[in-house]
Each structure stands twice: as structure tokens, then as C-alpha cells.
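What's in target38.cif: mmCIF, C-alpha atoms
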data_entry
loop_
_atom_site.label_atom_id
_atom_site.label_comp_id
_atom_site.auth_asym_id
_atom_site.auth_seq_id
_atom_site.Cartn_x
_atom_site.Cartn_y
_atom_site.Cartn_z
CA MET A 1 130.47 90.56 134.80
CA ILE A 2 127.46 88.31 135.42
CA GLU A 3 126.70 84.88 133.97
CA ASN A 4 124.06 82.16 133.97
CA ILE A 5 121.09 84.47 134.41
CA LYS A 6 117.97 82.50 135.33
CA ILE A 7 114.44 83.87 135.78
CA LEU A 8 113.04 82.28 138.95
CA LYS A 9 109.62 83.91 139.11
CA THR A 10 107.54 86.48 137.21
CA GLU A 11 104.50 88.11 138.81
CA ILE A 12 102.04 90.42 137.04
CA LEU A 13 101.54 93.43 139.32
CA SER A 14 99.32 95.34 136.89
CA ASP A 15 97.78 94.65 133.50
CA ASN A 16 95.70 97.82 133.32
CA TRP A 17 97.14 100.09 130.60
CA TYR A 18 100.37 98.17 129.95
CA ILE A 19 102.01 95.36 131.91
CA LEU A 20 103.98 95.84 135.13
CA LYS A 21 105.90 92.73 136.16
CA LYS A 22 107.96 91.81 139.19
CA VAL A 23 110.80 89.57 138.05
CA THR A 24 112.91 87.53 140.48
CA TYR A 25 116.12 86.21 138.97
CA GLU A 26 119.46 84.79 139.92
CA TYR A 27 122.89 85.01 138.38
CA ILE A 28 126.48 84.13 139.09
CA LYS A 29 128.77 87.06 139.87
CA LYS A 30 132.34 87.33 138.60
CA ASP A 31 133.66 85.99 141.91
CA GLY A 32 131.48 82.85 141.54
CA THR A 33 128.85 83.71 144.14
CA LYS A 34 125.14 83.41 143.41
CA GLN A 35 123.02 86.58 143.62
CA ILE A 36 119.19 86.69 143.74
CA GLN A 37 117.38 89.94 142.98
CA SER A 38 113.84 91.16 142.30
CA ARG A 39 113.08 94.09 140.02
CA GLU A 40 109.97 95.61 138.47
CA ALA A 41 109.78 96.00 134.69
CA TYR A 42 107.16 97.99 132.82
CA ASP A 43 106.31 96.50 129.42
CA ARG A 44 104.55 98.93 127.14
CA GLY A 45 105.79 97.44 123.87
CA ASN A 46 108.38 98.83 121.50
CA GLY A 47 108.11 102.10 119.62
CA ALA A 48 109.37 104.26 116.80
CA VAL A 49 110.13 107.97 116.55
CA ILE A 50 110.87 110.25 113.59
CA LEU A 51 112.09 113.76 112.97
CA LEU A 52 110.89 115.26 109.71
CA TYR A 53 113.16 117.93 108.24
CA ASN A 54 112.99 120.31 105.30
CA LYS A 55 116.38 121.25 103.81
CA GLU A 56 115.12 124.18 101.76
CA ASN A 57 113.39 125.95 104.67
CA ARG A 58 115.67 124.53 107.42
CA THR A 59 112.62 123.49 109.45
CA VAL A 60 111.55 120.43 111.41
CA ILE A 61 108.15 119.02 112.31
CA LEU A 62 107.42 118.58 116.03
CA THR A 63 104.26 117.92 118.01
CA ARG A 64 102.87 119.25 121.27
CA GLN A 65 100.56 117.18 123.46
CA PHE A 66 99.55 116.60 127.06
CA ARG A 67 101.62 113.99 128.94
CA VAL A 68 100.22 113.20 132.38
CA PRO A 69 103.48 111.68 133.76
CA THR A 70 105.23 115.01 133.15
CA TYR A 71 102.33 116.87 134.75
CA ILE A 72 102.53 114.85 137.97
CA ASN A 73 106.32 115.35 137.98
CA GLY A 74 106.33 119.14 137.92
CA ASN A 75 105.50 120.15 134.34
CA GLU A 76 102.94 122.87 135.15
CA THR A 77 100.89 122.48 131.96
CA GLY A 78 101.67 118.84 131.21
CA MET A 79 102.30 119.84 127.59
CA LEU A 80 105.38 118.36 125.97
CA ILE A 81 107.03 119.17 122.64
CA GLU A 82 108.16 115.99 120.92
CA ALA A 83 109.14 114.36 117.67
CA CYS A 84 106.36 112.24 116.19
CA ALA A 85 106.31 108.78 117.81
CA GLY A 86 104.16 105.77 118.51
CA LEU A 87 104.04 102.17 119.63
CA LEU A 88 104.66 99.44 117.05
CA ASN A 89 101.44 97.53 117.84
CA ASN A 90 102.64 94.44 115.91
CA ASP A 91 103.84 96.53 112.92
CA ASN A 92 107.43 96.67 111.83
CA PRO A 93 109.13 99.95 112.83
CA GLU A 94 109.03 101.51 109.33
CA ASP A 95 105.32 100.83 108.80
CA CYS A 96 104.58 102.10 112.30
CA ILE A 97 106.42 105.38 111.83
CA ARG A 98 104.81 106.04 108.44
CA ARG A 99 101.35 105.50 110.01
CA GLU A 100 102.13 107.64 113.06
CA THR A 101 103.58 110.42 110.89
CA GLU A 102 100.40 110.64 108.84
CA GLU A 103 98.09 110.45 111.88
CA GLU A 104 99.99 112.92 114.05
CA THR A 105 101.51 115.40 111.58
CA GLY A 106 99.39 115.02 108.43
CA PHE A 107 102.44 114.32 106.25
CA LYS A 108 102.47 111.21 104.03
CA ILE A 109 106.09 110.15 103.75
CA SER A 110 107.57 107.31 101.77
CA GLU A 111 111.32 107.38 102.32
CA VAL A 112 112.50 106.98 105.91
CA GLN A 113 116.04 106.50 107.19
CA LYS A 114 116.63 104.45 110.32
CA ILE A 115 119.51 106.02 112.22
CA PHE A 116 119.71 103.90 115.40
CA GLU A 117 117.75 102.17 118.12
CA ALA A 118 117.96 102.70 121.87
CA TYR A 119 116.55 101.65 125.21
CA MET A 120 115.21 104.87 126.70
CA SER A 121 114.84 103.89 130.36
CA PRO A 122 116.48 100.45 130.73
CA GLY A 123 116.36 100.40 134.52
CA SER A 124 112.58 100.03 134.53
CA VAL A 125 111.05 99.94 131.03
CA THR A 126 111.45 97.13 128.47
CA GLU A 127 110.81 99.36 125.42
CA ILE A 128 113.34 99.70 122.63
CA LEU A 129 112.80 102.74 120.42
CA TYR A 130 113.62 102.81 116.69
CA PHE A 131 114.83 106.25 115.56
CA PHE A 132 114.15 107.58 112.05
CA ILE A 133 114.56 110.78 110.06
CA ALA A 134 112.87 111.76 106.79
CA GLU A 135 112.84 114.75 104.53
CA TYR A 136 109.47 116.41 103.96
CA THR A 137 108.02 118.96 101.57
CA LYS A 138 104.77 120.93 101.68
CA GLU A 139 103.43 118.71 98.88
CA MET A 140 103.49 115.73 101.27
CA LYS A 141 100.91 117.36 103.57
CA ILE A 142 97.65 115.45 103.05
CA ASN A 143 95.71 116.48 106.18
CA GLU A 144 96.03 118.58 109.32
CA GLY A 145 97.30 115.75 111.53
CA GLY A 146 96.56 116.03 115.23
CA GLY A 147 96.20 112.33 115.99
CA VAL A 148 93.29 109.95 115.77
CA GLU A 149 90.09 110.56 117.66
CA HIS A 150 89.55 107.00 118.94
CA GLU A 151 92.96 107.23 120.67
CA GLU A 152 91.86 110.56 122.20
CA GLU A 153 94.94 112.31 120.87
CA ASN A 154 94.94 116.09 120.85
CA ILE A 155 98.16 116.91 119.06
CA GLU A 156 99.31 120.32 117.87
CA VAL A 157 101.72 120.27 114.91
CA LEU A 158 104.67 122.68 115.08
CA GLU A 159 107.14 123.69 112.35
CA PRO A 160 110.07 125.57 113.92
CA SER A 161 113.36 126.32 112.25
CA ILE A 162 116.18 124.01 113.29
CA GLU A 163 117.79 126.97 115.05
CA ASP A 164 114.63 127.65 117.06
CA ALA A 165 114.24 123.96 117.92
CA VAL A 166 117.82 123.83 119.23
CA LYS A 167 117.18 127.00 121.28
CA MET A 168 114.07 125.32 122.69
CA THR A 169 116.22 122.47 124.02
CA LYS A 170 118.65 124.95 125.59
CA ASN A 171 115.94 127.00 127.29
CA GLY A 172 113.96 123.98 128.51
CA GLU A 173 110.94 124.23 126.21
CA ILE A 174 111.90 120.82 124.76
CA LYS A 175 112.57 118.29 127.53
CA ASP A 176 111.80 115.08 125.67
CA ALA A 177 114.90 112.86 125.39
CA LYS A 178 114.05 111.24 122.05
CA THR A 179 113.45 114.64 120.47
CA ILE A 180 116.68 116.07 121.83
CA MET A 181 118.57 113.03 120.49
CA LEU A 182 117.08 113.47 117.01
CA LEU A 183 117.76 117.21 116.92
CA GLN A 184 121.37 116.57 117.95
CA TYR A 185 121.68 113.92 115.24
CA ILE A 186 120.45 116.37 112.59
CA CYS A 187 122.93 119.00 113.77
CA LEU A 188 125.93 116.72 114.33
CA ASN A 189 125.55 115.16 110.88
CA ASN A 190 125.09 118.53 109.11
CA ILE A 191 121.72 117.49 107.70
CA LEU A 192 120.35 121.00 108.30
#
Conversion result in C-alpha cells:
Amino acid sequence: MIENIKILKTEILSDNWYILKKVTYEYIKKDGTKQIQSREAYDRGNGAVILLYNKENRTVILTRQFRVPTYINGNETGMLIEACAGLLNNDNPEDCIRRETEEETGFKISEVQKIFEAYMSPGSVTEILYFFIAEYTKEMKINEGGGVEHEEENIEVLEPSIEDAVKMTKNGEIKDAKTIMLLQYICLNNIL
């Protein structure tokens, strides 16, 4: 549909928390005409997300934490229920998700299964997210989780049944896209 894409100019609009760029580019349309456009792109790095599941108890591990973007967009408490996730920070996705799982949930996992990767908001955010699942047992719990203090994380660890987690998506308690995708994957593939 478009060919010969060429970046003409990149401006840094903000380099505060992550990087917000304004990118001006040109391309050739299917009819041969040249098009020039400018768009903003938010670069926060790539990430990984995991859903832990327990076959015997038919439970999953989720987290609850405050997310200011949801608060300013109508979430009265700002609290969001999510699957465990984090930014890669120069790690490969598997190492990242093992680290994040231990920090956030308190479970030390070894075997992870990558199920897919996806751009979550490709119209404005550069991030690609690597999706994983892993089985857990109570013996894998090595601490209480809750996040790391220097990152100022205040994470509550939840352990609902898969049935309750699915109900939470239907009634709006779970509104996080990555979590909904992982719960659907677990259900559609008869993992629980």
C-alpha cells in the first residue's frame, strides 16, 4: 500500500520519563504520489507479561496496583488488576519476565512458555510486548512479592480462580488488555 518510506526529521518533544518523538516522514502511495506526514511516537522500551496458572487449583496469579493514566481517564481509584509485567531494560524477554515475576508476585519460576508478541497501541507507542505463561505451585513462593521499593511499587498479589478472573473481565473489574488476552489464551487453549 505504501513504499519507499523515508524519515525526514525526528524531534525529541520530551525525554522526561520516557521519550516522546515527533517524526516527519514521507512515502509513496499506491497511486505513485508522494505523501508527507508527521506523527508523535512514545518510546518507553519493550516489555514482557506473564500469566501464572495452577492446574490443580485452577487459579491464576494477578496483581493490583495504582496506574495514574487510568485514574486521569476515569478510573475512580486508579487501581488496575493486571498480569505481572515489566520493561525489558536491556534484558532478553525471558530473563525480564522471570525477574519481574519474582519481584512482583514472589514466585520463582524456571519454565516459561512464550505464546506470542504484540504491539499494544501501535498508533502512538513503539513498545512490543512479549507474552508468556507458566505453571506455578505453592512451593515456588519464595517471598511475598509486591514489587521493589526503589521503583516505588506497591503491588498487591491476587490468586483468583480462573472462573472468577473471567467473571472479572466480564463485569469490568479487569480492564487491562494484556491480562484479558492472557486469560482468553488460557481458556481458548483449555489450559485450565
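Distance annotation: of A:Met140, A:Ile97, A:Val60, A:Leu192, the residue with the minimal separation from Thr179 in chain A is A:Val60; atom set is all atoms listed in the file.
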Which protein, DNA or RNA residues have an atom at most 10 Å from (111.2, 120.7, 112.6), counting all atoms listed in the file? List them as a PDB file with C-alpha atoms, in the frame of the given file.
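That gives us point35.pdb:
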ATOM      1  CA  LEU A  51     112.090 113.760 112.970  1.00  0.00           C
ATOM      2  CA  LEU A  52     110.890 115.260 109.710  1.00  0.00           C
ATOM      3  CA  TYR A  53     113.160 117.930 108.240  1.00  0.00           C
ATOM      4  CA  ASN A  54     112.990 120.310 105.300  1.00  0.00           C
ATOM      5  CA  ASN A  57     113.390 125.950 104.670  1.00  0.00           C
ATOM      6  CA  ARG A  58     115.670 124.530 107.420  1.00  0.00           C
ATOM      7  CA  THR A  59     112.620 123.490 109.450  1.00  0.00           C
ATOM      8  CA  VAL A  60     111.550 120.430 111.410  1.00  0.00           C
ATOM      9  CA  ILE A  61     108.150 119.020 112.310  1.00  0.00           C
ATOM     10  CA  LEU A  62     107.420 118.580 116.030  1.00  0.00           C
ATOM     11  CA  THR A  63     104.260 117.920 118.010  1.00  0.00           C
ATOM     12  CA  ALA A  83     109.140 114.360 117.670  1.00  0.00           C
ATOM     13  CA  TYR A 136     109.470 116.410 103.960  1.00  0.00           C
ATOM     14  CA  VAL A 157     101.720 120.270 114.910  1.00  0.00           C
ATOM     15  CA  LEU A 158     104.670 122.680 115.080  1.00  0.00           C
ATOM     16  CA  GLU A 159     107.140 123.690 112.350  1.00  0.00           C
ATOM     17  CA  PRO A 160     110.070 125.570 113.920  1.00  0.00           C
ATOM     18  CA  SER A 161     113.360 126.320 112.250  1.00  0.00           C
ATOM     19  CA  ILE A 162     116.180 124.010 113.290  1.00  0.00           C
ATOM     20  CA  GLU A 163     117.790 126.970 115.050  1.00  0.00           C
ATOM     21  CA  ASP A 164     114.630 127.650 117.060  1.00  0.00           C
ATOM     22  CA  ALA A 165     114.240 123.960 117.920  1.00  0.00           C
ATOM     23  CA  VAL A 166     117.820 123.830 119.230  1.00  0.00           C
ATOM     24  CA  LEU A 183     117.760 117.210 116.920  1.00  0.00           C
TER      25      LEU A 183
END
Inset, instruction - Would you mind telling me which residue in A:Lys34, A:Ile133, A:Thr169, A:Tyr27 lies nearest to Glu111 in chain A when using all atoms listed in the file? - result: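 With all atoms listed in the file as the atom set, the closest residue is A:Ile133.
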Legend entry - Who sits within 6 Å of range 6-13 of chain A, only C-alpha atoms, same chain under 6 positions skipped, as a list in words: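 So, after excluding close chain neighbours, the residues are Leu20, Lys21, Lys22, Val23, Thr24, Tyr25 and Glu26 of chain A.
Nearest to Leu88 in chain A of all the residues A:Tyr185, A:Tyr42, A:Tyr130, A:Trp17 is A:Tyr130, based on only C-alpha atoms.
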Legend entry - Interatomic distance, CA of Phe132 in chain A to CA of Ala85 in chain A (Å, one decimal):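 Taking CA of Phe132 in chain A and CA of Ala85 in chain A, their separation equals 9.8 Å.
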